[in-house]
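In what follows, a single structure is set out as structure tokens and then discussed.
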Amino acid sequence: MVEYGEPVLDINSRVRIHLLEEFLTLHRPPGLIDTTPGVRTLLLNYDNRILSLEELMKLLVHAEAKLLHVESVKLKSRIFELPIAFRDQWTRAAIDRYMSTIRAEASYLPDNLEFIGRNNGISGKHCETVGELSEVEKVISSASYLVLGLGDVYLGAPCAVPLDPRHRLSVPKYNPARTFTPEGAVGIGGMYMCIYPMESPGGYQLVGRTLPIWNTFGNLPNFGPVKPWLLDMFDQVRFYPVSEQDLSLLRQDFSEGKMKLDLKVEDLCMKSYNQFLKSVEEETGQVKKKQLEAQNLIFQAEALSLRDSVHAKQEALKVLNYLATMVVDGPDHPGAVGPAPSKTLAKIPISLPEFPPGHVNSSRAPPRGLKHVFDEKGPKGFVEAVLASKGTLLTDTTWRDAHQSLLMTRMRTIDMKNIAHATAHTMANAFSLEMWGGATFDVSLRFLHECPWDRLAELRELVPNIPFQMLFRGANAVGYSAYPDNVIYKFCKQAKETGMDVFRIFDSLNYLENMRLGIDAVGEAGGIVEATICYTGDITNPKKTKYNLDYYLNLARDLEKLGIHVLCVKDMAGLLKPSAATILISALRKEFPNLPIHVHTHDTAGTAVATLLACVQAGANAVDCCNDALSGLTSQGSMGAIISDLENSEKNTGVALENYQQLTTYWEGVRRLYGPFESGQKSAGADVYMNEIPGGQYTNLFFQALSMGMAEEWEQIKTAYANANLVLGDIVKVTPSSKVVGDLASYMVANKLNLKSVQERATDLNFPNSVVEFLQGYLGQPHGGFPEPFRSHVLKDKARIEGRPGKDLPPLDFTKKKLELQSKFGIPLRDVDVMSSIQFPAVFEDYVNHSKKFGNVSVLPTRQFLEPMQIGEKTSFTCLQKNFEVVLDEVKDNVGEAGTSQVMFDINGEKHVISVKAKDSSRPSYLLRTGGPVLEKPTGPTRKKADPGTVGSVGASIPGRVVDVKFGVGSMVEKGQVVIVLSSMKLELAESATVSGKLISVDVAKGDFVSVGDLLFQIQ
């Protein structure tokens, strides 16, 4: 890109570009493909294999020295006299359409010409006297517009500016742009005039309509087959006003070749032109000053309008589109197989000023807490305060692990915000609120269509006194992959700045090198480093020697050397029995008297409260528990039980049970909203001591089984989980390592494999991707090493990673990444959005696309988010600080095009109709159908089954969706090459070629649903 002059409109710069373009045309070197001029730039498209950048630059420097002085230039300029009808019916129709479908209110509506006048300090109002023009219309009619560019907006569309700077009306474009502009419309944007050559979208302020400037077949005078547009560079356009009726006749004659344009040619002498500019310099300055003063007033009015009304409604209508789509297609919430959401609203505690700080019903600012200590004194001061506390400090996991364990992580931000103020008072003495990280980051984007960073920032504002805590996956942050080190450092810095305090850093294999990176990154960001020992096995069982007391003590010693602030024991499956807890915590307390000890467990076997109380008596400073309404089963132990048990002891939690109970009442109501995501588990299960399934994974694994059509095999999957763990070497199991074990267990049951056969057939099986990557070393190095010969049989010649994954990855260029993503999505992005994309690229892309279409759906009440509204049902939400009351009025199917439904709403008293094209046009809309489960099973044609006896006939190993087809029919593939990729509830499996040869059929397409054994492809 060659650029001339300052970033201002200067016709001299445009002429300079023209001279350079002519020079390059005459002296075109090999490798220069084409040139594209702008107003003050020239874009050079060249092949650097033929013409190097150095050679091109030399040519440009040489050209610059040879170019004529601009003032010596005379340009041939054709002058076109074109009719214009101001405020014509077609322009008015385009504006009316914009107001009814996009934006009803704006400073430029309903009269663009009046708006142009106000922007320039002159009158643009319509004159009632026939034949009399407004000041704006007079300026347009007096101007001679010089064409400086073509095709800037659409093919053949002129980018033209008045030669006389006193005629340069200045005006902003539509915001947002129109979706419809009539052909031949004349618009002004900035200082430029454009004539729209065809019916199209557009953004310039519309002033009227003129003749067609595009002729597709080039068969009329002034057009040609090679040049079907009317105007050329440096042509001039001068408008003369006509009536709307006269314009219609002229347009008809012109389109039939009957009208001859009044055309003449003049020399545009740049020397004379510059002298003219000098002569009107003072007047031009006065015009610009007048424009600037007018535009400042317009800008202020427009800013208020946008902020307070228009933008809010636009976003609200996107949310309405979400509601309408659900009415037509039904809810789309994978895993939602439980009872429908309750219609009873959760009871939010009242908030009144007469109650003192610390009372659940207080409307005052909440009392000081450990968050204030941390902010004022840093991690060291926080540690001192924790160690000095004689009572038991609680971490409330209700906002994170509780719903992750019971409700598939589907808790929405709005339900946390509703209780945040009451929580800040009631739990003011807490160690922390666990509310971020783990699976919440992924699920917020993937299923809830919410930004996790916004959740953190919004809740931080509402809870200023209690430390926030997150679950941080060591070298993986909140993702499942290895990232460059600078990504981990950047993530921690962003999280700390957005509101995070305590970073619970763990590794799914207890691999020290992965944790070291996270510890260093959190430390540099200024966060509280809570390093984690993941507990597995049973230290009270002498037969289980791999993970004994010495193993845990040695790991704690290694972590202490890294300068951690808090030591956490994370029992993700509920395997830590009360007796084992006493032994482990007592030993840790004795060896690390100056290190706060924090304990996390699950209640899968029903022992969580007993275990935590044992930990308290053994010396733990803080324990994890959750609100009673979300406690038990695979979640954490009951907070109410712990509060009550310790209430009258030295270990008192400082939480008043009567205040706490109002939180419980609220969460009981909220939990009923999330009925669709209940697993149906009715009781504790001591079989966890045999299968060791983590609480946070239990429901996900169960729903994975449901989605794969394996609900009847759930007991087999739990047994297979234990066997899969043994196959993989008896590893520590927490996301993502637990997912590896779960994927293998589901795979084993789906393919009727047992502990012996899966190892015997390891060489020939297509294992889930997670299993293969674990064995390659992508998660790190497991304690005791990888299982052999199973690992070698699975991997064959695949690469193996030694040491920390990601340690050799080059630093990520965040600036470059941000620019790439903004270009890809076409919207501005924050740095935290870029980080979300880095962690979950495909998920973030889906989130952005969903947000573009449906807006910020996090503002919806949960029941309306989860299930379709009923006729006559009312709901309300707040969008950009404006309240919207919505009523579903009516639904009509098959309006116009088959399968298109119209959903009619009343929004703040205005009727609004949204058309939705149904996913399945063969059936009535979801709301008008009788019955229908919350989640319907995928339907499709009966598929041909693979023939196990035919070499090269490959069937699906698991039921699921086809997410990628890497080769087509006729392709040559090698044995082991991935042909199809299947996915089922995060379980991803690559189906590979079983033999080398030619693909003679590919029997599925991306998006298809397949069952086990369905034919995927055949190889000859």
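In the structure tokens, chains take the letters A, B, ... in the order shown, each chain's residues start at 1, and ligands count up from 1 in the order shown.
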
All residues 7 Å or closer to range 236-251 of chain A, only C-alpha atoms, same chain fewer than 6 positions away omitted, as a ChimeraX atom specification
/A:77-85,88,141,143-147,211

Can you check which residues of range 204-299 of chain A DSSP gives as strand (DSSP E) on the backbone and send them as a PyMOL selection string?
chain A and resi 205-209+236-241+262-269

So that I can see what lies close to range 129-138 of chain A, please list as a VMD selection string the residues with an atom at most 8 Å from it, counting only C-alpha atoms and leaving out residues fewer than 5 positions away in the same chain.
chain A and resid 86 113 116 to 117 122 to 124

Find the residues of range 866-931 of chain A that sit at most 10 Å from range 327-347 of chain A; for each, write down the nearest two atoms and how far apart they are in Å, to one decimal. Count only C-alpha atoms. Sort by chain, then by number going up, and give it as a Markdown table.
```
| residue | atom | partner | partner_atom | distance |
| --- | --- | --- | --- | --- |
| A:Leu866 | CA | A:Pro331 | CA | 6.5 |
| A:Glu867 | CA | A:Pro331 | CA | 5.6 |
| A:Pro868 | CA | A:Val327 | CA | 5.0 |
| A:Met869 | CA | A:Val327 | CA | 6.6 |
| A:Gln870 | CA | A:Val327 | CA | 8.1 |
| A:Ile871 | CA | A:Val327 | CA | 9.8 |
| A:Leu888 | CA | A:Val327 | CA | 9.6 |
| A:Val891 | CA | A:Val327 | CA | 8.3 |
| A:Lys892 | CA | A:Val328 | CA | 9.6 |
| A:Asp893 | CA | A:Val328 | CA | 8.7 |
| A:Gly899 | CA | A:Val328 | CA | 9.7 |
| A:Thr900 | CA | A:Val328 | CA | 9.0 |
| A:Ser901 | CA | A:Val328 | CA | 7.0 |
| A:Gln902 | CA | A:Val328 | CA | 8.8 |
| A:Val903 | CA | A:Val327 | CA | 7.8 |
| A:Ser915 | CA | A:Val328 | CA | 9.6 |
| A:Val916 | CA | A:Val328 | CA | 7.0 |
| A:Lys917 | CA | A:Val328 | CA | 8.2 |
| A:Ala918 | CA | A:Asp329 | CA | 6.0 |
| A:Lys919 | CA | A:Asp329 | CA | 6.4 |
| A:Asp920 | CA | A:Asp329 | CA | 7.7 |
| A:Ser921 | CA | A:Asp329 | CA | 9.7 |
| A:Arg923 | CA | A:Asp329 | CA | 9.9 |
| A:Pro924 | CA | A:Val328 | CA | 8.1 |
| A:Ser925 | CA | A:Val328 | CA | 4.4 |
| A:Tyr926 | CA | A:Val328 | CA | 5.1 |
| A:Leu927 | CA | A:Val327 | CA | 5.5 |
| A:Leu928 | CA | A:Val328 | CA | 8.3 |
| A:Arg929 | CA | A:Val328 | CA | 9.7 |
```

Just-selected residues, C-alpha atoms written as a PDB file, in the first residue's frame:
```pdb
ATOM      1  CA  LEU A 866     -34.551 -23.056  28.919  1.00  0.00           C
ATOM      2  CA  GLU A 867     -38.005 -23.632  27.456  1.00  0.00           C
ATOM      3  CA  PRO A 868     -40.366 -21.974  24.970  1.00  0.00           C
ATOM      4  CA  MET A 869     -42.844 -19.346  26.114  1.00  0.00           C
ATOM      5  CA  GLN A 870     -46.535 -20.175  25.934  1.00  0.00           C
ATOM      6  CA  ILE A 871     -49.208 -18.070  24.225  1.00  0.00           C
ATOM      7  CA  LEU A 888     -46.009 -13.884  23.368  1.00  0.00           C
ATOM      8  CA  VAL A 891     -47.725 -18.171  16.451  1.00  0.00           C
ATOM      9  CA  LYS A 892     -48.554 -18.885  12.796  1.00  0.00           C
ATOM     10  CA  ASP A 893     -47.030 -21.746  10.812  1.00  0.00           C
ATOM     11  CA  GLY A 899     -41.769 -24.203   6.993  1.00  0.00           C
ATOM     12  CA  THR A 900     -41.637 -20.507   7.919  1.00  0.00           C
ATOM     13  CA  SER A 901     -43.452 -19.524  11.092  1.00  0.00           C
ATOM     14  CA  GLN A 902     -44.335 -16.067  12.313  1.00  0.00           C
ATOM     15  CA  VAL A 903     -43.969 -15.454  16.027  1.00  0.00           C
ATOM     16  CA  SER A 915     -40.169 -14.927  11.032  1.00  0.00           C
ATOM     17  CA  VAL A 916     -38.388 -18.185  11.759  1.00  0.00           C
ATOM     18  CA  LYS A 917     -37.505 -20.855   9.222  1.00  0.00           C
ATOM     19  CA  ALA A 918     -38.084 -24.147  11.027  1.00  0.00           C
ATOM     20  CA  LYS A 919     -35.312 -26.707  11.188  1.00  0.00           C
ATOM     21  CA  ASP A 920     -37.878 -29.381  10.369  1.00  0.00           C
ATOM     22  CA  SER A 921     -40.425 -27.954   7.949  1.00  0.00           C
ATOM     23  CA  ARG A 923     -43.893 -30.700  11.278  1.00  0.00           C
ATOM     24  CA  PRO A 924     -45.777 -27.901  13.041  1.00  0.00           C
ATOM     25  CA  SER A 925     -43.764 -25.538  15.197  1.00  0.00           C
ATOM     26  CA  TYR A 926     -42.729 -26.939  18.570  1.00  0.00           C
ATOM     27  CA  LEU A 927     -45.242 -24.865  20.494  1.00  0.00           C
ATOM     28  CA  LEU A 928     -48.166 -25.937  18.300  1.00  0.00           C
ATOM     29  CA  ARG A 929     -47.293 -29.611  18.479  1.00  0.00           C
TER      30      ARG A 929
END
```

Tyr547 in chain A: which residues within 12 Å, counting only C-alpha atoms, same-chain residues fewer than 4 positions away excluded, as an NGL selection string?
:A and (509-510 or 533-543 or 551-555 or 584 or 730-732 or 782-784)
